[in-house]
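Q: Below are the structure tokens for one structure; questions will follow.
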There are 2 protein chains.
Amino acid sequence: MKILLIGGRGTIGKKLAAALGKLEKTDLIIAGRTSGDQQVDITSSASIRDLFGRLPLLDAVVCTAGTGYYGDFQTMTEEQMLPGIKGKLLGQINVVLIGKDYLREGGSFTLTSGVAAEQPAHNGTTVAMINGAINSFVLSAAQELKQDKRINAVSPGLVEDSLERYGALFPGSDAVPMTRVVNGYLRSIFGALNGEIIKVYQ
Amino acid sequence: MKILLIGGRGTIGKKLAAALGKLEKTDLIIAGRTSGDQQVDITSSASIRDLFGRLPLLDAVVCTAGTGYYGDFQTMTEEQMLPGIKGKLLGQINVVLIGKDYLREGGSFTLTSGVAAEQPAHNGTTVAMINGAINSFVLSAAQELKQDKRINAVSPGLVEDSLERYGALFPGSDAVPMTRVVNGYLRSIFGALNGEIIKVYQ
């Protein structure tokens, strides 16, 4: 089973890659902007097309790449929102729009949104907006994909491995164990779910 | 009470304008791309800034403008999604980011999302994504606005006046009476709601 993991060196991607790497009969290809087996810039549709073009047909495509602006809402501008929109939002969407033609029948996409879609963090309006967009995109794309291809989003809360870096943004949040987050992705990749927002924070 | 209605000549805007026009002590300013009392192109932050700059301080800003691409998912590209992203998504966001400084203390924003955020129509992935983004943006912005300013989204289902034009996209949907849709906006403008997605389809 050939799995492409975009963002495989990030906080979540690293742990997911380790879990997938232990499985038999799984051929894991890690893509990253500068690291991994393959390079891709998900803000560029040409780069995404190029990536899929040099890979074999895939059974699963997972994206854990992309983030968004955190900062004062009072002074926030469209320009500050754009990198996140081009990356985590349009980047993930383009991975699906382009990648669906490189996915084997019955294959799956697993995107990443986040708890902020319904429980926004202070100063995190851009991230909330992007996560809400990804969730609704997934609901819709699940209806549209052909050949039994599936798509889900994993929506993590504050994860254990981000406690140090992001904990202050989420006061009073119970950090989610990395194993639970990884399991969310495994349910999407190896299960039969389609059009699910797998909430790993409740 | 000074109310700015952006999109006041659209399907929903027309009916809302008529209802607001009947109220006493309400000073309604209708803005549209080519019609209305004031012209604005919400895809341009400069145009939005220009609009607010020539108006008095406002008590309520309502946006019923913007739409998104409907078409075959199999061939859909980022380019086809962009007009909706620049209009209904970033346009409405910019109305808030820029307009909040022209809104009186205690004033309100009312944006427009739609049922597709959680019940996407076939061929309507762009619209679903935009609506989901607007809903999460509103949840977050409601936490961030100062001086008791409020923000809500009205999320209409298929509305009566769109039955002829869009009915085929929503088979089996009960069309929502225009009075119910208008009431959703009135609840947001004149009530105390903040951070609510006012769903006019359930």
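Residue numbers start at 1 in each chain; chains themselves are named A, B, ... in the order of the structure tokens; ligands are numbered from 1 in the order shown.
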Find the residues of chain B in contact range of chain A, meaning any atom within 10 Å when counting only C-alpha atoms, and list them as a VMD selection string.

A: chain B and resid 45 72 to 78 81 to 82 85 89 to 91 93 to 94 97 to 98 100 to 101 116 to 146

Q: Using the selection just defined, write its residues with C-alpha atoms as a PDB file, in the first residue's frame.

A:
```
ATOM      1  CA  SER B  45      -9.899  46.139   0.137  1.00  0.00           C
ATOM      2  CA  ASP B  72     -18.124  19.821 -12.065  1.00  0.00           C
ATOM      3  CA  PHE B  73     -15.776  18.827  -9.232  1.00  0.00           C
ATOM      4  CA  GLN B  74     -13.823  16.480 -11.506  1.00  0.00           C
ATOM      5  CA  THR B  75     -12.472  19.342 -13.594  1.00  0.00           C
ATOM      6  CA  MET B  76     -12.635  22.150 -11.033  1.00  0.00           C
ATOM      7  CA  THR B  77      -9.453  24.185 -10.599  1.00  0.00           C
ATOM      8  CA  GLU B  78      -8.179  26.710  -8.098  1.00  0.00           C
ATOM      9  CA  MET B  81     -12.593  28.900  -6.964  1.00  0.00           C
ATOM     10  CA  LEU B  82     -10.769  32.230  -6.741  1.00  0.00           C
ATOM     11  CA  ILE B  85     -12.735  33.303  -2.411  1.00  0.00           C
ATOM     12  CA  LEU B  89     -14.972  34.898   1.559  1.00  0.00           C
ATOM     13  CA  LEU B  90     -12.232  37.545   1.697  1.00  0.00           C
ATOM     14  CA  GLY B  91     -14.700  40.273   0.706  1.00  0.00           C
ATOM     15  CA  ILE B  93     -13.814  39.243   5.976  1.00  0.00           C
ATOM     16  CA  ASN B  94     -12.398  42.548   4.755  1.00  0.00           C
ATOM     17  CA  LEU B  97     -11.454  43.848   9.349  1.00  0.00           C
ATOM     18  CA  ILE B  98     -11.757  47.307   7.782  1.00  0.00           C
ATOM     19  CA  LYS B 100     -14.870  47.541  12.542  1.00  0.00           C
ATOM     20  CA  ASP B 101     -13.170  50.928  12.906  1.00  0.00           C
ATOM     21  CA  ALA B 116     -23.873  24.267   2.173  1.00  0.00           C
ATOM     22  CA  ALA B 117     -21.357  24.634   5.015  1.00  0.00           C
ATOM     23  CA  GLU B 118     -22.874  21.476   6.494  1.00  0.00           C
ATOM     24  CA  GLN B 119     -25.109  20.200   3.698  1.00  0.00           C
ATOM     25  CA  PRO B 120     -23.159  20.770   0.478  1.00  0.00           C
ATOM     26  CA  ALA B 121     -24.971  20.732  -2.839  1.00  0.00           C
ATOM     27  CA  HIS B 122     -23.706  18.570  -5.691  1.00  0.00           C
ATOM     28  CA  ASN B 123     -21.238  20.659  -7.743  1.00  0.00           C
ATOM     29  CA  GLY B 124     -21.091  23.257  -4.955  1.00  0.00           C
ATOM     30  CA  THR B 125     -17.781  22.484  -3.242  1.00  0.00           C
ATOM     31  CA  THR B 126     -16.509  26.048  -3.570  1.00  0.00           C
ATOM     32  CA  VAL B 127     -19.620  27.469  -1.975  1.00  0.00           C
ATOM     33  CA  ALA B 128     -19.567  24.862   0.807  1.00  0.00           C
ATOM     34  CA  MET B 129     -15.948  25.699   1.607  1.00  0.00           C
ATOM     35  CA  ILE B 130     -16.618  29.452   1.659  1.00  0.00           C
ATOM     36  CA  ASN B 131     -19.662  29.080   3.902  1.00  0.00           C
ATOM     37  CA  GLY B 132     -17.760  26.908   6.368  1.00  0.00           C
ATOM     38  CA  ALA B 133     -14.971  29.472   6.432  1.00  0.00           C
ATOM     39  CA  ILE B 134     -17.369  32.356   7.089  1.00  0.00           C
ATOM     40  CA  ASN B 135     -19.042  30.483   9.955  1.00  0.00           C
ATOM     41  CA  SER B 136     -15.743  29.815  11.725  1.00  0.00           C
ATOM     42  CA  PHE B 137     -14.536  33.350  11.025  1.00  0.00           C
ATOM     43  CA  VAL B 138     -17.654  34.696  12.753  1.00  0.00           C
ATOM     44  CA  LEU B 139     -17.174  32.452  15.803  1.00  0.00           C
ATOM     45  CA  SER B 140     -13.663  33.798  16.158  1.00  0.00           C
ATOM     46  CA  ALA B 141     -14.290  37.456  15.321  1.00  0.00           C
ATOM     47  CA  ALA B 142     -17.086  37.549  17.896  1.00  0.00           C
ATOM     48  CA  GLN B 143     -14.502  36.851  20.578  1.00  0.00           C
ATOM     49  CA  GLU B 144     -12.153  39.522  19.273  1.00  0.00           C
ATOM     50  CA  LEU B 145     -14.347  42.557  18.566  1.00  0.00           C
ATOM     51  CA  LYS B 146     -14.046  45.375  21.130  1.00  0.00           C
TER      52      LYS B 146
END
```

Q: Excluding Ala31 of chain A and its own-chain neighbours fewer than 2 positions away, which residues fall within 12 Å of it when counting only C-alpha atoms? Please give them as a VMD selection string.

A: chain A and resid 3 to 10 13 to 14 17 28 to 29 33 to 42 47 to 48 51 to 52 55 61 to 65

Q: Could you write out that same residue set with C-alpha atoms as a CSV table (one decimal), in the first residue's frame?

A:
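part21.csv, written as the output of this step:
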```csv
chain,number,residue,atom,x,y,z
A,3,ILE,CA,1.0,6.2,1.2
A,4,LEU,CA,2.1,9.8,0.5
A,5,LEU,CA,2.4,11.9,3.6
A,6,ILE,CA,2.8,15.6,2.9
A,7,GLY,CA,4.2,17.4,6.0
A,8,GLY,CA,5.9,14.3,7.4
A,9,ARG,CA,8.5,16.2,9.3
A,10,GLY,CA,6.0,18.4,11.2
A,13,GLY,CA,3.6,14.3,10.6
A,14,LYS,CA,6.6,12.9,12.5
A,17,ALA,CA,5.3,8.7,9.9
A,28,LEU,CA,5.5,5.4,2.9
A,29,ILE,CA,6.6,8.4,0.8
A,33,ARG,CA,9.0,21.7,1.6
A,34,THR,CA,12.7,21.1,2.2
A,35,SER,CA,12.9,17.7,3.9
A,36,GLY,CA,11.6,14.2,3.3
A,37,ASP,CA,11.8,11.8,0.3
A,38,GLN,CA,10.2,14.2,-2.1
A,39,GLN,CA,10.0,18.0,-2.1
A,40,VAL,CA,6.8,19.9,-2.6
A,41,ASP,CA,5.6,23.5,-2.1
A,42,ILE,CA,1.8,23.1,-1.5
A,47,SER,CA,4.7,22.0,-7.6
A,48,ILE,CA,1.9,19.7,-6.4
A,51,LEU,CA,5.1,15.8,-7.2
A,52,PHE,CA,2.2,13.6,-8.2
A,55,LEU,CA,5.2,9.2,-8.1
A,61,VAL,CA,-2.6,10.8,0.5
A,62,VAL,CA,-2.3,12.4,3.9
A,63,CYS,CA,-1.6,16.1,4.4
A,64,THR,CA,-0.4,17.4,7.8
A,65,ALA,CA,1.3,20.5,6.3
```

Q: Can you pull out the residues contacting segment 185-194 of chain A? Cut-off 7 Å, using only C-alpha atoms, and skip same-chain residues under 5 positions away; I want them as an MDAnalysis selection string.

A: chainID A and resid 60 108 110 142 150:152 154

Q: Store the residues picked out above in a file with N, CA, C and O atoms, as an mmCIF file, in the first residue's frame.

A:
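The resulting file, again00.cif, is reproduced below:
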```cif
data_model
loop_
_atom_site.group_PDB
_atom_site.id
_atom_site.type_symbol
_atom_site.label_atom_id
_atom_site.label_comp_id
_atom_site.auth_asym_id
_atom_site.auth_seq_id
_atom_site.Cartn_x
_atom_site.Cartn_y
_atom_site.Cartn_z
ATOM 1 N N ALA A 60 -3.132 6.116 -0.638
ATOM 2 C CA ALA A 60 -3.568 7.095 0.364
ATOM 3 C C ALA A 60 -2.685 8.337 0.278
ATOM 4 O O ALA A 60 -1.472 8.230 0.092
ATOM 5 N N SER A 108 -7.703 6.938 -0.502
ATOM 6 C CA SER A 108 -8.246 7.951 0.413
ATOM 7 C C SER A 108 -7.357 9.185 0.525
ATOM 8 O O SER A 108 -6.137 9.114 0.381
ATOM 9 N N THR A 110 -6.631 12.202 3.422
ATOM 10 C CA THR A 110 -6.854 12.640 4.797
ATOM 11 C C THR A 110 -6.219 14.010 4.967
ATOM 12 O O THR A 110 -4.999 14.154 4.891
ATOM 13 N N ALA A 142 -16.308 14.668 -0.428
ATOM 14 C CA ALA A 142 -16.655 13.263 -0.176
ATOM 15 C C ALA A 142 -17.827 12.825 -1.048
ATOM 16 O O ALA A 142 -17.922 11.661 -1.440
ATOM 17 N N ARG A 150 -12.169 8.112 -1.101
ATOM 18 C CA ARG A 150 -12.718 8.664 0.139
ATOM 19 C C ARG A 150 -11.913 9.889 0.560
ATOM 20 O O ARG A 150 -10.766 10.059 0.156
ATOM 21 N N ILE A 151 -12.524 10.715 1.401
ATOM 22 C CA ILE A 151 -11.799 11.859 1.965
ATOM 23 C C ILE A 151 -12.343 12.171 3.355
ATOM 24 O O ILE A 151 -13.554 12.140 3.583
ATOM 25 N N ASN A 152 -11.439 12.416 4.277
ATOM 26 C CA ASN A 152 -11.794 12.811 5.637
ATOM 27 C C ASN A 152 -10.835 13.893 6.100
ATOM 28 O O ASN A 152 -9.777 14.100 5.511
ATOM 29 N N VAL A 154 -8.860 15.084 9.705
ATOM 30 C CA VAL A 154 -8.602 14.936 11.131
ATOM 31 C C VAL A 154 -8.549 16.352 11.712
ATOM 32 O O VAL A 154 -7.865 17.229 11.179
#
```

Q: Quick one: residues within 6 Å of Ser155 of chain B, only C-alpha atoms counted, chain neighbours fewer than 3 positions away excluded, as a VMD selection string?

A: chain B and resid 112 to 115 198 to 200

Q: Mind checking which residues fall within 7 Å of segment 22-26 of chain B, counting only C-alpha atoms, ignoring those fewer than 4 positions away in the same chain, and posting them as a ChimeraX atom specification?

A: /B:1-2,18

Q: Would you give me, as a PyMOL selection string, the residues in segment 36-97 of chain A that DSSP reads as strand (DSSP E)?

A: chain A and resi 38-39+58-63

Q: Would you export the selected residues with all heavy atoms as a PDB file, in the first residue's frame, please?

A:
```
ATOM      1  N   GLN A  38      10.583  13.451  -0.901  1.00  0.00           N
ATOM      2  CA  GLN A  38      10.178  14.243  -2.069  1.00  0.00           C
ATOM      3  C   GLN A  38       9.929  15.675  -1.626  1.00  0.00           C
ATOM      4  O   GLN A  38       9.421  15.900  -0.532  1.00  0.00           O
ATOM      5  CB  GLN A  38       8.871  13.681  -2.652  1.00  0.00           C
ATOM      6  CG  GLN A  38       8.971  12.274  -3.187  1.00  0.00           C
ATOM      7  CD  GLN A  38       9.611  12.231  -4.568  1.00  0.00           C
ATOM      8  OE1 GLN A  38       9.646  13.239  -5.285  1.00  0.00           O
ATOM      9  NE2 GLN A  38      10.119  11.064  -4.947  1.00  0.00           N
ATOM     10  N   GLN A  39      10.255  16.625  -2.478  1.00  0.00           N
ATOM     11  CA  GLN A  39      10.000  18.025  -2.138  1.00  0.00           C
ATOM     12  C   GLN A  39       8.734  18.515  -2.830  1.00  0.00           C
ATOM     13  O   GLN A  39       8.481  18.191  -3.997  1.00  0.00           O
ATOM     14  CB  GLN A  39      11.197  18.915  -2.547  1.00  0.00           C
ATOM     15  CG  GLN A  39      12.237  19.046  -1.443  1.00  0.00           C
ATOM     16  CD  GLN A  39      12.821  17.722  -1.027  1.00  0.00           C
ATOM     17  OE1 GLN A  39      13.529  17.077  -1.801  1.00  0.00           O
ATOM     18  NE2 GLN A  39      12.523  17.265   0.180  1.00  0.00           N
ATOM     19  N   LEU A  58      -1.143   6.045  -6.069  1.00  0.00           N
ATOM     20  CA  LEU A  58      -1.127   6.002  -4.604  1.00  0.00           C
ATOM     21  C   LEU A  58      -2.413   5.392  -4.052  1.00  0.00           C
ATOM     22  O   LEU A  58      -3.477   5.480  -4.674  1.00  0.00           O
ATOM     23  CB  LEU A  58      -0.959   7.418  -4.056  1.00  0.00           C
ATOM     24  CG  LEU A  58       0.357   8.100  -4.458  1.00  0.00           C
ATOM     25  CD1 LEU A  58       0.260   9.616  -4.284  1.00  0.00           C
ATOM     26  CD2 LEU A  58       1.515   7.537  -3.642  1.00  0.00           C
ATOM     27  N   ASP A  59      -2.302   4.819  -2.852  1.00  0.00           N
ATOM     28  CA  ASP A  59      -3.477   4.290  -2.161  1.00  0.00           C
ATOM     29  C   ASP A  59      -4.006   5.264  -1.116  1.00  0.00           C
ATOM     30  O   ASP A  59      -5.174   5.201  -0.736  1.00  0.00           O
ATOM     31  CB  ASP A  59      -3.125   2.964  -1.481  1.00  0.00           C
ATOM     32  CG  ASP A  59      -2.705   1.919  -2.485  1.00  0.00           C
ATOM     33  OD1 ASP A  59      -3.599   1.371  -3.159  1.00  0.00           O
ATOM     34  OD2 ASP A  59      -1.489   1.688  -2.633  1.00  0.00           O
ATOM     35  N   ALA A  60      -3.132   6.116  -0.638  1.00  0.00           N
ATOM     36  CA  ALA A  60      -3.568   7.095   0.364  1.00  0.00           C
ATOM     37  C   ALA A  60      -2.685   8.337   0.278  1.00  0.00           C
ATOM     38  O   ALA A  60      -1.472   8.230   0.092  1.00  0.00           O
ATOM     39  CB  ALA A  60      -3.495   6.504   1.775  1.00  0.00           C
ATOM     40  N   VAL A  61      -3.327   9.485   0.397  1.00  0.00           N
ATOM     41  CA  VAL A  61      -2.618  10.760   0.455  1.00  0.00           C
ATOM     42  C   VAL A  61      -3.038  11.453   1.747  1.00  0.00           C
ATOM     43  O   VAL A  61      -4.230  11.638   2.000  1.00  0.00           O
ATOM     44  CB  VAL A  61      -2.963  11.652  -0.752  1.00  0.00           C
ATOM     45  CG1 VAL A  61      -2.308  13.022  -0.608  1.00  0.00           C
ATOM     46  CG2 VAL A  61      -2.543  10.987  -2.052  1.00  0.00           C
ATOM     47  N   VAL A  62      -2.046  11.788   2.571  1.00  0.00           N
ATOM     48  CA  VAL A  62      -2.310  12.437   3.854  1.00  0.00           C
ATOM     49  C   VAL A  62      -1.595  13.775   3.856  1.00  0.00           C
ATOM     50  O   VAL A  62      -0.442  13.862   3.429  1.00  0.00           O
ATOM     51  CB  VAL A  62      -1.775  11.576   5.023  1.00  0.00           C
ATOM     52  CG1 VAL A  62      -2.097  12.216   6.363  1.00  0.00           C
ATOM     53  CG2 VAL A  62      -2.329  10.158   4.944  1.00  0.00           C
ATOM     54  N   CYS A  63      -2.264  14.809   4.310  1.00  0.00           N
ATOM     55  CA  CYS A  63      -1.601  16.106   4.412  1.00  0.00           C
ATOM     56  C   CYS A  63      -1.655  16.624   5.847  1.00  0.00           C
ATOM     57  O   CYS A  63      -2.737  16.804   6.413  1.00  0.00           O
ATOM     58  CB  CYS A  63      -2.232  17.112   3.462  1.00  0.00           C
ATOM     59  SG  CYS A  63      -1.289  18.654   3.395  1.00  0.00           S
TER      60      CYS A  63
END
```

Q: With only C-alpha atoms as the counted atoms, please give the residues lying no more than 9 Å from Leu158 of chain A, apart from itself and same-chain residues fewer than 2 positions off, as a CSV table (one decimal) with C-alpha atoms, in the first residue's frame.

A:
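Written output follows (result.csv):
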```csv
chain,number,residue,atom,x,y,z
A,114,GLY,CA,-8.4,21.6,13.8
A,115,VAL,CA,-10.5,22.4,16.8
A,156,PRO,CA,-6.9,17.8,16.3
A,160,GLU,CA,0.9,17.1,23.4
A,161,ASP,CA,3.9,17.7,21.2
A,162,SER,CA,2.8,21.3,20.7
A,163,LEU,CA,2.2,22.1,24.3
A,166,TYR,CA,1.3,26.7,21.4
A,167,GLY,CA,0.0,25.9,24.9
A,170,PHE,CA,-5.1,27.5,24.4
A,173,SER,CA,-7.1,22.9,27.0
A,174,ASP,CA,-6.4,19.3,27.7
A,175,ALA,CA,-3.5,18.4,25.4
A,176,VAL,CA,-4.4,15.4,23.2
A,201,TYR,CA,-10.4,16.7,21.1
```

Q: Between atom CA of Leu111 of chain B and atom CA of Ala153 of chain B, what is the spacing in Å?

A: 4.5 Å

Q: Check the smallest atom-to-atom distance from each of A:Val95, A:Ile30, A:Val181, A:Val159 to Thr43 of chain A using only C-alpha atoms, then report the winner.

A: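 The shortest atom-to-atom distance to Thr43 of chain A comes from A:Val95.
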